[in-house]
Every structure is written in C-alpha cells, then in structure tokens.
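Just run-v6.cif here, mmCIF, C-alpha atoms:
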```
data_input
#
loop_
_atom_site.group_PDB
_atom_site.id
_atom_site.type_symbol
_atom_site.label_atom_id
_atom_site.label_comp_id
_atom_site.auth_asym_id
_atom_site.auth_seq_id
_atom_site.Cartn_x
_atom_site.Cartn_y
_atom_site.Cartn_z
ATOM 1 C CA MET A 97 -26.829 -21.966 -16.043
ATOM 2 C CA THR A 98 -25.593 -20.942 -12.629
ATOM 3 C CA ILE A 99 -22.013 -19.897 -11.982
ATOM 4 C CA SER A 100 -20.403 -19.057 -8.712
ATOM 5 C CA ILE A 101 -19.411 -15.394 -8.343
ATOM 6 C CA ASN A 102 -16.467 -14.685 -6.044
ATOM 7 C CA ASP A 103 -16.057 -18.169 -4.647
ATOM 8 C CA PRO A 104 -13.720 -17.414 -1.697
ATOM 9 C CA ALA A 105 -11.017 -19.895 -2.742
ATOM 10 C CA VAL A 106 -10.966 -18.732 -6.371
ATOM 11 C CA LEU A 107 -11.053 -15.076 -5.345
ATOM 12 C CA ALA A 108 -8.052 -15.669 -3.062
ATOM 13 C CA GLU A 109 -6.108 -17.258 -5.940
ATOM 14 C CA VAL A 110 -6.808 -14.405 -8.342
ATOM 15 C CA THR A 111 -6.103 -11.780 -5.689
ATOM 16 C CA GLU A 112 -2.736 -13.414 -5.045
ATOM 17 C CA ALA A 113 -1.934 -13.433 -8.783
ATOM 18 C CA PHE A 114 -3.037 -9.783 -9.087
ATOM 19 C CA GLN A 115 -0.846 -8.768 -6.128
ATOM 20 C CA ARG A 116 2.083 -10.692 -7.573
ATOM 21 C CA TYR A 117 1.597 -8.834 -10.854
ATOM 22 C CA GLU A 118 1.475 -5.474 -9.065
ATOM 23 C CA GLN A 119 4.661 -6.219 -7.129
ATOM 24 C CA ALA A 120 6.412 -7.252 -10.350
ATOM 25 C CA LEU A 121 5.147 -4.130 -12.131
ATOM 26 C CA VAL A 122 6.457 -1.598 -9.606
ATOM 27 C CA GLY A 123 9.663 -3.631 -9.184
ATOM 28 C CA ASN A 124 10.109 -4.009 -12.966
ATOM 29 C CA ASP A 125 10.436 -7.781 -12.647
ATOM 30 C CA VAL A 126 10.021 -8.446 -16.363
ATOM 31 C CA ASP A 127 10.305 -12.209 -15.969
ATOM 32 C CA VAL A 128 7.273 -12.342 -13.669
ATOM 33 C CA LEU A 129 5.331 -9.859 -15.814
ATOM 34 C CA ASP A 130 5.979 -12.015 -18.886
ATOM 35 C CA GLU A 131 5.039 -15.159 -16.957
ATOM 36 C CA LEU A 132 1.689 -13.712 -15.896
ATOM 37 C CA PHE A 133 0.557 -12.866 -19.424
ATOM 38 C CA TRP A 134 -0.882 -15.699 -21.524
ATOM 39 C CA ASN A 135 1.796 -16.703 -24.031
ATOM 40 C CA ASP A 136 -0.455 -16.583 -27.087
ATOM 41 C CA GLY A 137 -0.914 -14.467 -30.182
ATOM 42 C CA ARG A 138 -4.469 -13.605 -29.093
ATOM 43 C CA THR A 139 -3.399 -11.819 -25.907
ATOM 44 C CA VAL A 140 -4.107 -8.079 -26.079
ATOM 45 C CA ARG A 141 -2.798 -5.157 -24.019
ATOM 46 C CA TYR A 142 -3.941 -1.617 -24.697
ATOM 47 C CA GLY A 143 -1.539 0.694 -22.895
ATOM 48 C CA ALA A 144 -1.545 4.409 -22.218
ATOM 49 C CA GLY A 145 0.265 5.034 -25.491
ATOM 50 C CA GLU A 146 0.417 1.729 -27.329
ATOM 51 C CA ASN A 147 -1.787 -1.096 -28.569
ATOM 52 C CA LEU A 148 -0.078 -4.474 -28.287
ATOM 53 C CA TYR A 149 -1.373 -7.573 -30.023
ATOM 54 C CA GLY A 150 0.046 -10.930 -29.024
ATOM 55 C CA TYR A 151 2.403 -12.078 -26.328
ATOM 56 C CA ALA A 152 5.519 -11.262 -28.391
ATOM 57 C CA GLU A 153 4.596 -7.575 -28.706
ATOM 58 C CA ILE A 154 3.743 -7.352 -25.012
ATOM 59 C CA ALA A 155 7.037 -8.983 -23.995
ATOM 60 C CA ALA A 156 9.010 -6.677 -26.317
ATOM 61 C CA PHE A 157 7.299 -3.647 -24.776
ATOM 62 C CA ARG A 158 8.133 -4.841 -21.260
ATOM 63 C CA ALA A 159 11.773 -5.442 -22.205
ATOM 64 C CA SER A 160 12.211 -1.898 -23.554
ATOM 65 C CA ARG A 161 10.158 0.010 -20.978
ATOM 66 C CA PRO A 162 11.985 2.392 -18.598
ATOM 67 C CA SER A 163 12.523 0.899 -15.162
ATOM 68 C CA LYS A 164 12.216 4.191 -13.237
ATOM 69 C CA GLY A 165 9.105 5.954 -11.977
ATOM 70 C CA LEU A 166 6.987 2.822 -11.635
ATOM 71 C CA ASP A 167 5.869 3.340 -8.031
ATOM 72 C CA ARG A 168 2.148 3.793 -7.630
ATOM 73 C CA THR A 169 -0.661 3.527 -5.138
ATOM 74 C CA LEU A 170 -3.765 1.523 -5.969
ATOM 75 C CA LYS A 171 -7.300 2.471 -4.993
ATOM 76 C CA ASN A 172 -10.799 1.212 -5.710
ATOM 77 C CA THR A 173 -9.560 -2.223 -6.739
ATOM 78 C CA VAL A 174 -12.370 -4.607 -7.654
ATOM 79 C CA ILE A 175 -11.626 -8.261 -8.421
ATOM 80 C CA THR A 176 -14.531 -10.457 -9.467
ATOM 81 C CA THR A 177 -14.391 -14.150 -10.291
ATOM 82 C CA TYR A 178 -16.854 -15.904 -12.573
ATOM 83 C CA GLY A 179 -16.905 -19.635 -11.956
ATOM 84 C CA ASN A 180 -13.575 -21.296 -11.283
ATOM 85 C CA ASP A 181 -11.582 -20.163 -14.302
ATOM 86 C CA CYS A 182 -12.281 -16.533 -15.226
ATOM 87 C CA ALA A 183 -11.911 -13.219 -13.418
ATOM 88 C CA THR A 184 -11.662 -9.490 -13.967
ATOM 89 C CA ALA A 185 -9.525 -7.029 -12.037
ATOM 90 C CA TRP A 186 -10.151 -3.292 -12.133
ATOM 91 C CA THR A 187 -8.154 -0.666 -10.290
ATOM 92 C CA GLU A 188 -7.269 3.000 -10.238
ATOM 93 C CA PHE A 189 -3.740 4.143 -9.511
ATOM 94 C CA GLU A 190 -1.814 7.281 -8.677
ATOM 95 C CA ARG A 191 1.874 7.898 -9.162
ATOM 96 C CA PRO A 192 3.849 10.175 -6.812
ATOM 97 C CA GLY A 193 3.938 13.702 -8.223
ATOM 98 C CA ALA A 194 1.555 12.955 -11.099
ATOM 99 C CA ALA A 195 -1.753 14.796 -11.369
ATOM 100 C CA ARG A 196 -3.517 12.223 -13.545
ATOM 101 C CA VAL A 197 -5.351 9.196 -12.198
ATOM 102 C CA GLY A 198 -4.610 5.965 -14.014
ATOM 103 C CA ARG A 199 -6.990 3.077 -14.648
ATOM 104 C CA GLN A 200 -6.142 -0.548 -15.271
ATOM 105 C CA SER A 201 -8.333 -3.481 -16.189
ATOM 106 C CA GLN A 202 -7.351 -7.097 -16.678
ATOM 107 C CA CYS A 203 -9.121 -10.267 -17.678
ATOM 108 C CA TRP A 204 -7.585 -13.307 -15.988
ATOM 109 C CA VAL A 205 -8.143 -16.918 -17.058
ATOM 110 C CA ARG A 206 -6.974 -20.077 -15.334
ATOM 111 C CA MET A 207 -4.687 -21.847 -17.801
ATOM 112 C CA PRO A 208 -2.964 -25.203 -17.260
ATOM 113 C CA GLU A 209 0.117 -23.294 -16.042
ATOM 114 C CA GLY A 210 -1.902 -21.047 -13.682
ATOM 115 C CA TRP A 211 -3.748 -17.723 -13.731
ATOM 116 C CA ARG A 212 -2.809 -15.565 -16.729
ATOM 117 C CA VAL A 213 -3.813 -12.152 -18.054
ATOM 118 C CA VAL A 214 -5.441 -12.627 -21.460
ATOM 119 C CA ALA A 215 -6.464 -8.997 -21.978
ATOM 120 C CA ALA A 216 -5.448 -5.749 -20.297
ATOM 121 C CA HIS A 217 -6.043 -2.027 -20.623
ATOM 122 C CA VAL A 218 -4.324 0.999 -19.087
ATOM 123 C CA SER A 219 -5.498 4.580 -19.481
ATOM 124 C CA PHE A 220 -5.398 7.923 -17.705
ATOM 125 C CA MET A 221 -8.003 10.480 -16.724
ATOM 126 C CA ASP A 222 -7.074 14.130 -17.098
#
```
What does the file become when written as structure tokens?
Amino acid sequence: MTISINDPAVLAEVTEAFQRYEQALVGNDVDVLDELFWNDGRTVRYGAGENLYGYAEIAAFRASRPSKGLDRTLKNTVITTYGNDCATAWTEFERPGAARVGRQSQCWVRMPEGWRVVAAHVSFMD
C-alpha cells in the first residue's frame, strides 16, 4: 500500500483549517472552534487540566472557558498529511508573560462536512 504524504493540495487544505482554528482559539470564536471539532461521542481532547470525552464535553468546556489571556505565538509547527483524508498537526506555543512552553497536537480527518479535529492534546513543559 502506498499513500501520498503531504500532497500539496491536501496540505494546503489542512494548513488552512489549522490556521482557522488558531485564529478562532486566540479570538475565542467558540462557534468556529465547535465547528472544527468532529461532532461525535468518540472525539477526545486532553487539555492542560482536563480530559474531555465526546463533542458535548468539549463544547461545554469551550463555552465556559475564560475569554482573556488567549494570545499566543506558535513555533515549530509541523503539519503532515497521510493520503487525502487524514493529517496530524503539532505545534509549540508561548503566551506573553508565561514561562512555560505549551504543546498542542491534533489529528484531523476529512469528514463529509470538511476537515475536523477528531483528537487533540494540550500540555505544558516546565
């Protein structure tokens, strides 16, 4: 079996979705954040202080999260596509005035409605 890694057209699509997610995250655009997660009970998001199982838990977390202090700078972002319908996105981030470096990983899958995050993880390095 041979699959295409980082087909330019697919990579551009996922990069656009990833950038849209990042803009929504720092702007606290909850509607877009909810849209970009797969609306399914099998979606998982491990956060810096919470483990969320299923779209409903993730959406509830987003709705109650503080909307201040979300600015951040990304570095070492690596997006890799596998075939036409699956991708991973890995990045580090820094927040102004914070000493810790954050890490974020996402698994994206092309669904009928578009690219969606099916699994995500956020953690910090001391």
Interatomic distance (Å, one decimal) between atom CA of A:Ala105 and atom CA of A:Arg212: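 The value is 16.8 Å.
Distances to A:Leu129 were evaluated for A:Val110, A:Leu166, A:Met221, A:Ala159 using all atoms listed in the file, and the minimum falls at A:Ala159.
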Which of A:Asp167, A:Arg191, A:Val213, A:Thr98 sits closest to A:Val128 [using all atoms listed in the file]: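 Among A:Asp167, A:Arg191, A:Val213, A:Thr98, it is A:Val213 that comes nearest to A:Val128.
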Restricting the calculation to only C-alpha atoms: of A:Glu131, A:Asp125, A:Glu146, A:Asp103, which residue gets closest to A:Gly179?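 Once distances to A:Gly179 are computed over only C-alpha atoms, the minimum belongs to A:Asp103.
Here atom CA of A:Gly145 stands at a distance of 23.0 Å from atom CA of A:Asn172.
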I'd like the interatomic distance between atom CA of A:Glu188 and atom CA of A:Lys171, to a tenth of an Å. 5.3 Å
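The nearest approach to A:Ser201 among the residues A:Gly165, A:Glu112, A:Arg141, A:Asp222, with only C-alpha atoms taken into account, belongs to A:Arg141.
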Between A:Tyr142, A:Tyr178, A:Trp211, A:Trp186, single out the one closest to A:Arg116, counting only C-alpha atoms.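 The shortest atom-to-atom distance to A:Arg116 comes from A:Trp211.
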Do you know which residues the PyMOL selection byres ((chain A and resi 183) around 8) returns on this file, as a PyMOL selection string? chain A and resi 110+175-178+181-182+184-185+203-205
Nearest candidate to A:Arg206 (options A:Val174, A:Ile154, A:Met97, A:Leu132; using all atoms listed in the file): A:Leu132
Report as a ChimeraX atom specification all protein, DNA and RNA residues lying within 6 Å of A:Val140, evaluated on only C-alpha atoms, omitting residues in the same chain fewer than 6 positions from it. /A:148-150,215
Excluding A:Asp136 and any residue of its chain fewer than 3 positions from it, enumerate the residues within 9 Å of it, using all atoms listed in the file, and give them as a list in words.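 My list of contacting residues is Phe133, Thr139, Gly150, Tyr151, Ala152 and Val214 of chain A.
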Since the input is missing atoms for stretch 102-114 of chain A, could you rebuild it with N, CA and C atoms and give the result as a short mmCIF file (atom, residue, chain, number, x, y, z; two decimals), in the frame of the given file?
```cif
data_model
loop_
_atom_site.label_atom_id
_atom_site.label_comp_id
_atom_site.auth_asym_id
_atom_site.auth_seq_id
_atom_site.Cartn_x
_atom_site.Cartn_y
_atom_site.Cartn_z
N ASN A 102 -17.36 -14.94 -7.18
CA ASN A 102 -16.47 -14.68 -6.04
C ASN A 102 -16.43 -15.82 -5.03
N ASP A 103 -16.33 -17.05 -5.54
CA ASP A 103 -16.06 -18.17 -4.65
C ASP A 103 -14.81 -17.79 -3.84
N PRO A 104 -14.84 -17.89 -2.52
CA PRO A 104 -13.72 -17.41 -1.70
C PRO A 104 -12.36 -18.00 -2.08
N ALA A 105 -12.30 -19.28 -2.40
CA ALA A 105 -11.02 -19.90 -2.74
C ALA A 105 -10.49 -19.37 -4.08
N VAL A 106 -11.37 -19.23 -5.05
CA VAL A 106 -10.97 -18.73 -6.37
C VAL A 106 -10.58 -17.26 -6.26
N LEU A 107 -11.36 -16.49 -5.53
CA LEU A 107 -11.05 -15.08 -5.34
C LEU A 107 -9.69 -14.91 -4.68
N ALA A 108 -9.37 -15.74 -3.72
CA ALA A 108 -8.05 -15.67 -3.06
C ALA A 108 -6.93 -15.96 -4.06
N GLU A 109 -7.13 -16.93 -4.94
CA GLU A 109 -6.11 -17.26 -5.94
C GLU A 109 -5.87 -16.09 -6.89
N VAL A 110 -6.95 -15.50 -7.39
CA VAL A 110 -6.81 -14.40 -8.34
C VAL A 110 -6.23 -13.17 -7.65
N THR A 111 -6.65 -12.91 -6.44
CA THR A 111 -6.10 -11.78 -5.69
C THR A 111 -4.60 -11.95 -5.50
N GLU A 112 -4.17 -13.16 -5.19
CA GLU A 112 -2.74 -13.41 -5.04
C GLU A 112 -2.00 -13.18 -6.36
N ALA A 113 -2.56 -13.65 -7.47
CA ALA A 113 -1.93 -13.43 -8.78
C ALA A 113 -1.88 -11.94 -9.11
N PHE A 114 -2.98 -11.22 -8.84
CA PHE A 114 -3.04 -9.78 -9.09
C PHE A 114 -1.98 -9.06 -8.26
#
```
